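Note sheet for the following structure.
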Amino acid sequence: MDWVVVSAAFFMAWAVGANDSAKAVGTAVGSGIIGFKRAVLLIAVFTTLGAVIGHSAVSGTITGLAEGMNPSQISLVLFSAASAVTLASLWGRPISTTQSIIGALIGSSLALGLPVDWATIARIVSAWVLSPVLAALLAIAMYRLYKPLLGRIKGLKNLELTQKWIVFLASAYSAFNLGTNELGNVIGLSQSASLSSPNVFIALTMAFGTLTFSREVMMTIGKDISPLGPTSAFSSQFGAAIAVSSANLLGLPVSSGQAIVGAISGLGIYKGERVNKKLLLDIVKSWIRAPVFAGALAFLLIKLFSAGF
């Protein structure tokens with residue numbers, strides 16, 4: 001059954017690339033600083049680095065929630081979560097792959113009669129609520145610190161070059177976090193299913209998902225929530241990245257999507273700019289629908305699988 005686990009893990013990694021990669025480079029692409037092809041290359045390099053050398057307790061947290069499941073059951077968890085993420089990507093909605101995986105794990109545990117670690121789930125959910133708020137506050141702080149520094153740079157060319165490099169570095173940092181956090185979820189489950197050293201292959205599969213299916217979600221992040229110039233793009237991206245890094249240190253599998261959406265909308269409100277509240281409400285609703293759908297699908301598949309085999 002190894003091929004089933006491998007296929008499910010790669011499907012999940014592809015889905016992460018199709019959706020979550022937009023949260024690492026969407027602001028840079030939306031503000032016109034980085035082209036789409038360069039953004040894909042950035043994702044491929046830095047998410048792989050994050051998956052290989054990044055240090056996070058996230059994988060251990062996810063592995064603990066999958067305790068008692070065999071490889072076939074874990075493959076159904078991955079398939080259910082990836083299905084929820086893919087459906088959201090079809091509508092260009094930046095949802096949380098982390099929430100989808102957690103929802104699928106809960107649904108599978110309930111179907112199998114396994115105990116659910118509700119204390120850990122409560123910690124994770126609290127981080128989901130706090131991360132966009134923290135990201136918004138950090139984005140505002142970065143904006144207030146960063147904008148006066150730009151005024152000291154002499155020459156238009158020097159200013160443009162500085163802004164491009166700063167946004168690039170913020171996106172690279174976010175992509176590294178993506179490899180450490182969101183891919184950490186997939187890697188943790190893959191290792192639970194007895195796949196050895198899947199980090200590089202999963203990261204490259206995620207990059208393929210970015211290349212083939214991420215443009216719609218990228219435009220939602222980079223253009224549709226609130227207008228983004230270079231200064232706002234850097235502040236939002238860096239604020240969200242710091243929030244995700246903080247969660248990594250605590251071993252909490254948060255969503256980079258929630259962080260970047262919180263950062264963009266929070267900074268937009270602070271600056272008095274237009275924020276697409278209808279879109280924002282739809283995104284928040286999708287954060288609820290995705291884990292519920294993934295959990296329900298995993299529950300159904302586990303029951304059908306158990307009855308059939």
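Letters A, B, ... go to the chains of the structure tokens in the order shown; residues in each chain start at 1; ligands are counted from 1 in the same order.
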At a cut-off of 10 Å, using only C-alpha atoms, what residues contact region 43-57 of chain A? Leave out same-chain residues fewer than 3 positions from it and give the result as an MDAnalysis selection string.
chainID A and resid 17 21:22 24:25 37:40 60:62 171:184 187:188 197:208 210:211 245 247:253
Within 10 Å of Trp118 (chain A), counting only C-alpha atoms, which residues qualify if same-chain residues fewer than 4 places away don't, as a PDB file with N, CA and C atoms, in the first residue's frame?
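Result file is around_30.pdb:
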ATOM      1  N   LEU A  65      -1.215  13.638  16.722  1.00  0.00           N
ATOM      2  CA  LEU A  65      -2.657  13.568  16.481  1.00  0.00           C
ATOM      3  C   LEU A  65      -3.041  12.372  15.614  1.00  0.00           C
ATOM      4  N   ILE A 106      -9.338  14.752  12.895  1.00  0.00           N
ATOM      5  CA  ILE A 106     -10.426  14.611  13.875  1.00  0.00           C
ATOM      6  C   ILE A 106     -11.506  13.679  13.337  1.00  0.00           C
ATOM      7  N   ALA A 122      -7.418  22.373  21.126  1.00  0.00           N
ATOM      8  CA  ALA A 122      -7.789  23.689  21.669  1.00  0.00           C
ATOM      9  C   ALA A 122      -6.637  24.678  21.542  1.00  0.00           C
ATOM     10  N   ARG A 123      -5.401  24.204  21.789  1.00  0.00           N
ATOM     11  CA  ARG A 123      -4.232  25.073  21.631  1.00  0.00           C
ATOM     12  C   ARG A 123      -4.065  25.504  20.182  1.00  0.00           C
ATOM     13  N   ILE A 124      -4.281  24.558  19.269  1.00  0.00           N
ATOM     14  CA  ILE A 124      -4.134  24.860  17.845  1.00  0.00           C
ATOM     15  C   ILE A 124      -5.196  25.863  17.392  1.00  0.00           C
TER      16      ILE A 124
END
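Relative to CA of Ala82 (chain A), CA of Lys278 (chain A) is found at 25.7 Å.
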Which neighbours of Gly103 (chain A) fall inside 7 Å, counting only C-alpha atoms, when residues of the same chain fewer than 6 positions from it are skipped, and could you give them as a ChimeraX atom specification?
/A:291-292,294-295
List the neighbours of region 132-147 of chain A out to 12 Å using only C-alpha atoms; skip same-chain residues closer than 3 positions along the sequence, and give me the result as a PyMOL selection string.
chain A and resi 126-129+150-153+159+162-163+166-167+170+229-247+254-271+284
What does the file look like for those residues with C-alpha atoms, as an mmCIF file, in the first residue's frame?
data_model
loop_
_atom_site.group_PDB
_atom_site.id
_atom_site.type_symbol
_atom_site.label_atom_id
_atom_site.label_comp_id
_atom_site.auth_asym_id
_atom_site.auth_seq_id
_atom_site.Cartn_x
_atom_site.Cartn_y
_atom_site.Cartn_z
ATOM 1 C CA SER A 126 -6.540 29.338 19.787
ATOM 2 C CA ALA A 127 -3.452 29.914 17.628
ATOM 3 C CA TRP A 128 -5.688 30.057 14.535
ATOM 4 C CA VAL A 129 -7.698 32.850 16.156
ATOM 5 C CA LEU A 150 12.501 54.902 3.036
ATOM 6 C CA GLY A 151 12.381 58.684 3.269
ATOM 7 C CA ARG A 152 16.094 58.723 4.046
ATOM 8 C CA ILE A 153 17.055 56.924 0.838
ATOM 9 C CA LEU A 159 14.560 53.619 -3.519
ATOM 10 C CA THR A 162 15.695 48.808 -1.953
ATOM 11 C CA GLN A 163 11.962 48.154 -2.030
ATOM 12 C CA ILE A 166 13.113 44.056 0.862
ATOM 13 C CA VAL A 167 9.918 42.545 -0.569
ATOM 14 C CA ALA A 170 10.188 38.991 3.026
ATOM 15 C CA GLY A 229 2.172 49.026 -2.887
ATOM 16 C CA PRO A 230 5.748 47.909 -2.205
ATOM 17 C CA THR A 231 5.745 49.289 1.351
ATOM 18 C CA SER A 232 2.443 47.638 2.257
ATOM 19 C CA ALA A 233 3.499 44.390 0.556
ATOM 20 C CA PHE A 234 6.687 44.158 2.610
ATOM 21 C CA SER A 235 5.017 45.119 5.886
ATOM 22 C CA SER A 236 2.171 42.626 5.425
ATOM 23 C CA GLN A 237 4.435 39.788 4.306
ATOM 24 C CA PHE A 238 7.012 40.289 7.023
ATOM 25 C CA GLY A 239 4.412 40.724 9.773
ATOM 26 C CA ALA A 240 2.683 37.500 8.727
ATOM 27 C CA ALA A 241 6.011 35.654 8.514
ATOM 28 C CA ILE A 242 6.983 36.642 12.057
ATOM 29 C CA ALA A 243 3.603 35.456 13.345
ATOM 30 C CA VAL A 244 4.069 32.063 11.643
ATOM 31 C CA SER A 245 7.652 31.777 12.928
ATOM 32 C CA SER A 246 6.407 32.327 16.467
ATOM 33 C CA ALA A 247 3.945 29.465 16.016
ATOM 34 C CA VAL A 254 -1.017 27.562 12.185
ATOM 35 C CA SER A 255 -2.021 28.786 8.741
ATOM 36 C CA SER A 256 0.188 31.188 6.803
ATOM 37 C CA GLY A 257 -3.007 32.025 4.907
ATOM 38 C CA GLN A 258 -4.771 33.301 7.984
ATOM 39 C CA ALA A 259 -1.676 35.270 8.943
ATOM 40 C CA ILE A 260 -1.259 37.019 5.573
ATOM 41 C CA VAL A 261 -4.985 37.769 5.217
ATOM 42 C CA GLY A 262 -4.975 39.244 8.727
ATOM 43 C CA ALA A 263 -1.856 41.286 7.944
ATOM 44 C CA ILE A 264 -3.171 42.693 4.632
ATOM 45 C CA SER A 265 -6.642 43.556 5.917
ATOM 46 C CA GLY A 266 -5.360 44.917 9.249
ATOM 47 C CA LEU A 267 -2.819 47.182 7.569
ATOM 48 C CA GLY A 268 -5.388 48.284 4.989
ATOM 49 C CA ILE A 269 -7.818 49.316 7.738
ATOM 50 C CA TYR A 270 -5.018 51.116 9.597
ATOM 51 C CA LYS A 271 -4.090 53.099 6.470
ATOM 52 C CA VAL A 284 -13.316 33.588 6.816
#
Report, in Å to a single decimal, how far apart CA of Asn185 (chain A) and CA of Leu41 (chain A) are.
22.1 Å
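The shell of residues at most 10 Å from region 190-194 of chain A, with only C-alpha atoms counted and near chain neighbours (fewer than 5 positions) removed, consists of Asp2, Val5, Val6, Ala8, Ala9, Phe10, Ser59, Gly60, Ile62, Thr63, Gly64, Ala66, Glu67, Gly68, Met69, Asn70, Pro71, Ser72, Gln73, Ile74, Ser75, Leu78, Gly184, Asn185, Asn199 and Ile202 of chain A.
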